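Asker: Following this line is target_37.cif, made up of mmCIF, C-alpha atoms:
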```cif
data_run
#
loop_
_atom_site.label_atom_id
_atom_site.label_comp_id
_atom_site.auth_asym_id
_atom_site.auth_seq_id
_atom_site.Cartn_x
_atom_site.Cartn_y
_atom_site.Cartn_z
CA VAL A 1 108.91 104.79 94.60
CA ALA A 2 105.16 105.27 94.45
CA THR A 3 102.67 106.57 96.97
CA HIS A 4 99.37 104.84 97.55
CA PRO A 5 96.87 106.17 94.96
CA SER A 6 93.54 105.53 96.70
CA ASP A 7 91.41 108.36 98.04
CA MET A 8 88.85 105.98 99.54
CA ALA A 9 91.44 104.00 101.51
CA VAL A 10 92.68 107.20 103.19
CA ALA A 11 89.16 108.12 104.28
CA LEU A 12 88.48 104.56 105.47
CA ALA A 13 91.72 104.59 107.49
CA ALA A 14 90.55 107.71 109.37
CA LEU A 15 87.14 106.14 109.96
CA ASP A 16 88.62 102.99 111.55
CA ALA A 17 87.22 100.72 108.85
CA VAL A 18 87.64 96.96 109.10
CA VAL A 19 87.65 94.76 106.00
CA THR A 20 86.26 91.25 105.94
CA VAL A 21 88.37 88.88 103.89
CA THR A 22 87.28 85.45 102.67
CA GLY A 23 89.82 82.90 101.51
CA PRO A 24 90.63 79.23 101.25
CA ALA A 25 91.64 78.98 104.91
CA ALA A 26 88.89 81.01 106.59
CA GLU A 27 87.21 84.36 106.88
CA ARG A 28 89.12 87.03 108.77
CA ARG A 29 88.73 90.68 109.73
CA ILE A 30 91.59 93.12 109.17
CA PRO A 31 91.67 96.76 110.32
CA LEU A 32 92.17 98.83 107.18
CA THR A 33 95.26 100.42 108.72
CA ARG A 34 96.84 96.95 108.72
CA LEU A 35 95.62 95.87 105.26
CA HIS A 36 98.14 97.93 103.27
CA ARG A 37 101.80 97.48 103.99
CA LEU A 38 105.12 99.21 103.44
CA PRO A 39 107.44 97.64 100.82
CA GLU A 40 110.21 96.43 103.18
CA ASP A 41 111.79 93.23 101.75
CA THR A 42 108.82 92.34 99.53
CA PRO A 43 107.94 95.46 97.51
CA GLU A 44 105.76 93.40 95.16
CA ARG A 45 103.20 92.94 97.97
CA ASP A 46 100.98 95.97 98.62
CA THR A 47 98.67 94.27 101.13
CA VAL A 48 98.64 91.49 103.71
CA LEU A 49 96.14 89.49 101.65
CA GLU A 50 97.14 85.87 101.11
CA ARG A 51 96.80 84.00 97.82
CA GLY A 52 93.14 83.34 97.05
CA GLU A 53 91.75 85.86 99.54
CA LEU A 54 89.08 88.35 98.51
CA ILE A 55 87.73 91.38 100.34
CA THR A 56 84.04 90.65 100.85
CA GLY A 57 83.01 93.48 103.14
CA VAL A 58 83.93 96.78 104.72
CA GLU A 59 82.65 97.68 108.18
CA LEU A 60 82.53 101.20 109.57
CA PRO A 61 81.88 101.86 113.25
CA PRO A 62 79.00 104.22 113.92
CA PRO A 63 80.16 107.83 114.17
CA HIS A 64 79.84 109.72 117.42
CA ALA A 65 77.09 112.32 117.15
CA ALA A 66 79.41 115.21 118.07
CA ALA A 67 82.19 114.25 115.66
CA ARG A 68 82.74 116.07 112.37
CA SER A 69 84.64 114.63 109.43
CA ARG A 70 86.19 115.90 106.23
CA TYR A 71 88.36 114.73 103.34
CA ARG A 72 90.60 117.14 101.46
CA LYS A 73 92.62 116.30 98.38
CA VAL A 74 95.37 118.56 97.03
CA ARG A 75 96.37 117.79 93.45
CA ASP A 76 98.15 119.21 90.40
CA ARG A 77 95.05 119.62 88.26
CA ALA A 78 91.32 119.75 88.85
CA SER A 79 90.24 116.35 87.58
CA TYR A 80 91.42 112.76 87.57
CA ALA A 81 94.73 113.43 89.26
CA PHE A 82 96.25 111.49 92.13
CA ALA A 83 96.60 113.39 95.37
CA LEU A 84 99.86 115.17 95.99
CA VAL A 85 98.65 115.12 99.60
CA SER A 86 95.28 114.27 101.09
CA VAL A 87 93.92 114.46 104.61
CA ALA A 88 90.96 112.59 106.06
CA ALA A 89 90.08 113.80 109.54
CA VAL A 90 87.48 113.20 112.20
CA LEU A 91 87.35 115.71 115.05
CA GLU A 92 85.29 115.79 118.22
CA VAL A 93 85.56 118.85 120.44
CA THR A 94 84.03 119.22 123.90
CA ASP A 95 84.30 122.40 125.97
CA GLY A 96 87.07 123.79 123.76
CA ALA A 97 89.29 120.69 123.98
CA VAL A 98 89.88 117.86 121.54
CA ARG A 99 87.94 114.91 122.93
CA ASP A 100 88.80 112.58 120.06
CA VAL A 101 90.52 112.83 116.69
CA ALA A 102 91.48 110.57 113.80
CA ILE A 103 93.73 111.69 110.96
CA ALA A 104 94.93 109.82 107.89
CA LEU A 105 97.25 111.14 105.19
CA GLY A 106 97.37 110.16 101.54
CA GLY A 107 100.00 110.81 98.90
CA VAL A 108 102.82 110.62 101.42
CA ALA A 109 103.60 106.90 101.77
CA HIS A 110 103.21 103.52 100.13
CA LYS A 111 100.02 103.06 102.17
CA PRO A 112 97.41 105.34 103.74
CA TRP A 113 99.25 106.89 106.68
CA ARG A 114 97.42 107.08 110.00
CA ALA A 115 98.77 110.12 111.84
CA THR A 116 98.88 108.50 115.28
CA THR A 117 101.52 110.89 116.64
CA ALA A 118 99.39 113.92 115.75
CA GLU A 119 96.32 112.24 117.23
CA ALA A 120 98.13 111.56 120.52
CA VAL A 121 99.33 115.18 120.72
CA LEU A 122 95.81 116.49 120.12
CA ARG A 123 93.71 114.32 122.46
CA GLY A 124 92.90 116.48 125.48
CA ALA A 125 94.68 119.53 124.03
CA PRO A 126 92.96 122.85 123.42
CA ALA A 127 91.19 122.91 120.06
CA THR A 128 93.25 125.78 118.64
CA ARG A 129 95.34 126.57 115.60
CA GLU A 130 98.46 126.35 117.78
CA SER A 131 97.60 122.83 118.92
CA PHE A 132 96.89 121.76 115.34
CA VAL A 133 100.23 123.21 114.16
CA ASP A 134 102.08 121.46 117.00
CA ALA A 135 100.39 118.14 116.23
CA ALA A 136 101.16 118.35 112.52
CA ALA A 137 104.79 119.24 113.27
CA ALA A 138 105.09 116.28 115.64
CA GLU A 139 103.63 113.91 113.05
CA LEU A 140 105.89 115.09 110.27
CA ALA A 141 109.10 115.42 112.34
CA ALA A 142 110.23 111.95 111.25
CA ALA A 143 109.34 112.46 107.57
CA ARG A 144 112.20 111.68 105.22
CA PRO A 145 111.24 113.03 101.80
CA LEU A 146 113.01 111.88 98.67
CA ALA A 147 114.66 114.18 96.17
CA GLY A 148 111.94 116.02 94.32
CA ASN A 149 109.14 115.63 96.86
CA ALA A 150 110.31 117.62 99.89
CA PHE A 151 107.49 120.08 99.12
CA LYS A 152 105.04 117.47 100.43
CA VAL A 153 106.11 117.95 104.04
CA PRO A 154 104.92 121.58 104.38
CA LEU A 155 101.99 120.79 102.07
CA ALA A 156 100.90 117.93 104.35
CA ARG A 157 101.36 120.12 107.44
CA ASN A 158 99.34 123.00 106.03
CA THR A 159 96.61 120.73 104.67
CA MET A 160 96.28 118.93 108.00
CA VAL A 161 96.04 122.20 109.93
CA SER A 162 93.53 123.82 107.56
CA THR A 163 91.34 120.70 107.51
CA LEU A 164 91.25 120.56 111.31
CA LEU A 165 90.46 124.29 111.48
CA GLU A 166 87.53 123.80 109.12
CA LEU A 167 86.22 120.97 111.27
CA LEU A 168 86.61 123.11 114.39
CA GLU A 169 84.63 125.92 112.78
CA GLU A 170 81.93 123.46 111.72
CA ALA A 171 81.69 122.09 115.27
CA ARG A 172 80.90 125.54 116.71
#
```
Just give me the structure of the file as structure tokens.
Answerer:
Amino acid sequence: VATHPSDMAVALAALDAVVTVTGPAAERRIPLTRLHRLPEDTPERDTVLERGELITGVELPPPHAAARSRYRKVRDRASYAFALVSVAAVLEVTDGAVRDVAIALGGVAHKPWRATTAEAVLRGAPATRESFVDAAAAELAAARPLAGNAFKVPLARNTMVSTLLELLEEAR
């Protein structure tokens, strides 16, 4: 069982990127969060790309002026190592409350993992450590680690919380 190795895909997932794909049938646009797939019954397929399709573009929506973003990668050694866990986050705070948030996790699944449960918990909540801890706990409540990687659950939680706290401090 392997986790998705890309750092860039995790960041693009948090930024709501859309890829343009050109193929024999037609051109199509795919949200990056739908490009990569879980193994299910066809573990040999990592993406939803069809035979002969090629990614020809990546579109990023313009960022909101008040939003702050950050990418953090936790790894075994300092260079050229895959992430044990990574967090890409975008945070917008207005009047002490989370106005908007986007969080993607890397190193925890077969694809970049968009933390939609944590995002839902945080929208409208106070921008505090307690809210960030609650959101991370809600996101990871359904995590089912394999033997030998249970350490990733608290590592993901702590990395998510510390990344959001850094963004909060930057927004002040």
Asker: Please evaluate the PyMOL selection byres ((chain A and resi 136) around 12) against the structure above and give the resulting residues as a ChimeraX atom specification.
Answerer: /A:87,103-105,115-122,129-135,137-143,153-164
Asker: Which neighbours of stretch 23-34 of chain A fall inside 6 Å, counting all atoms listed in the file, when residues of the same chain fewer than 4 positions from it are skipped, and could you give them as a PDB file with C-alpha atoms, in the coordinates of the input?
Answerer:
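Once written, around.pdb looks like this:
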```pdb
ATOM      1  CA  ALA A  13      91.720 104.590 107.490  1.00  0.00           C
ATOM      2  CA  ALA A  17      87.220 100.720 108.850  1.00  0.00           C
ATOM      3  CA  VAL A  18      87.640  96.960 109.100  1.00  0.00           C
ATOM      4  CA  VAL A  19      87.650  94.760 106.000  1.00  0.00           C
ATOM      5  CA  GLY A  52      93.140  83.340  97.050  1.00  0.00           C
ATOM      6  CA  GLU A  53      91.750  85.860  99.540  1.00  0.00           C
TER       7      GLU A  53
END
```
Asker: Can you spell out as a ChimeraX atom specification the set of residues that the PyMOL selection byres ((chain A and resi 5) around 8) selects in the structure I just provided?
Answerer: /A:3-4,6-7,82-83,106-107
Asker: Between A:Val48, A:Ala67, A:Ala78, A:Ala150, which has the minimum distance to A:Lys111 (counting only C-alpha atoms)?
Answerer: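 Ranked by minimum distance to A:Lys111, first place goes to A:Val48.
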Asker: What's the 9 Å shell around A:Leu54, counting all atoms listed in the file, without same-chain residues fewer than 6 positions away, as a ChimeraX atom specification?
Answerer: /A:20-23
Asker: Tell me, in Å to one decimal, how far atom CA of A:Ser86 is from atom CA of A:Pro61.
Answerer: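 About the pair atom CA of A:Ser86 and atom CA of A:Pro61: they are 21.9 Å apart.
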Asker: For each of A:Val58, A:Met8, A:Ala14, A:Leu168, take the minimum atom-to-atom distance to A:Arg114, counting all atoms listed in the file, then give the residue where this is smallest.
Answerer: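 Selected residue with least distance to A:Arg114: A:Ala14.
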Asker: By how many Å are atom CA of A:Leu84 and atom CA of A:Arg70 apart?
Answerer: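 These atoms are spaced 17.1 Å apart.
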Asker: Restricting the calculation to only C-alpha atoms, which member of A:Ala2, A:Val108, A:Leu165, A:Ala66 is positioned closest to A:Pro43?
Answerer: A:Ala2
Asker: By how many Å are atom CA of A:Trp113 and atom CA of A:Glu59 apart?
Answerer: 19.0 Å
Asker: With all atoms listed in the file as the basis for distance, which of A:Ala125, A:Ala171, A:Leu146, A:Ala102 is at the shortest distance from A:Leu12?
Answerer: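 Closest candidate: A:Ala102.
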Asker: Do you know which residues are at most 7 Å from A:Ala127 counting only C-alpha atoms, after dropping those on the same chain fewer than 6 positions away, and could you put them as a list in words?
Answerer: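 The residues that qualify are Val93, Gly96, Ala97 and Val98 of chain A.
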Asker: Measuring between all atoms listed in the file, which one of A:Pro126, A:Ala88, A:Ala147, A:Ile55 shows the shortest distance to A:Pro112?
Answerer: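 Result for the nearest residue to A:Pro112: A:Ala88.
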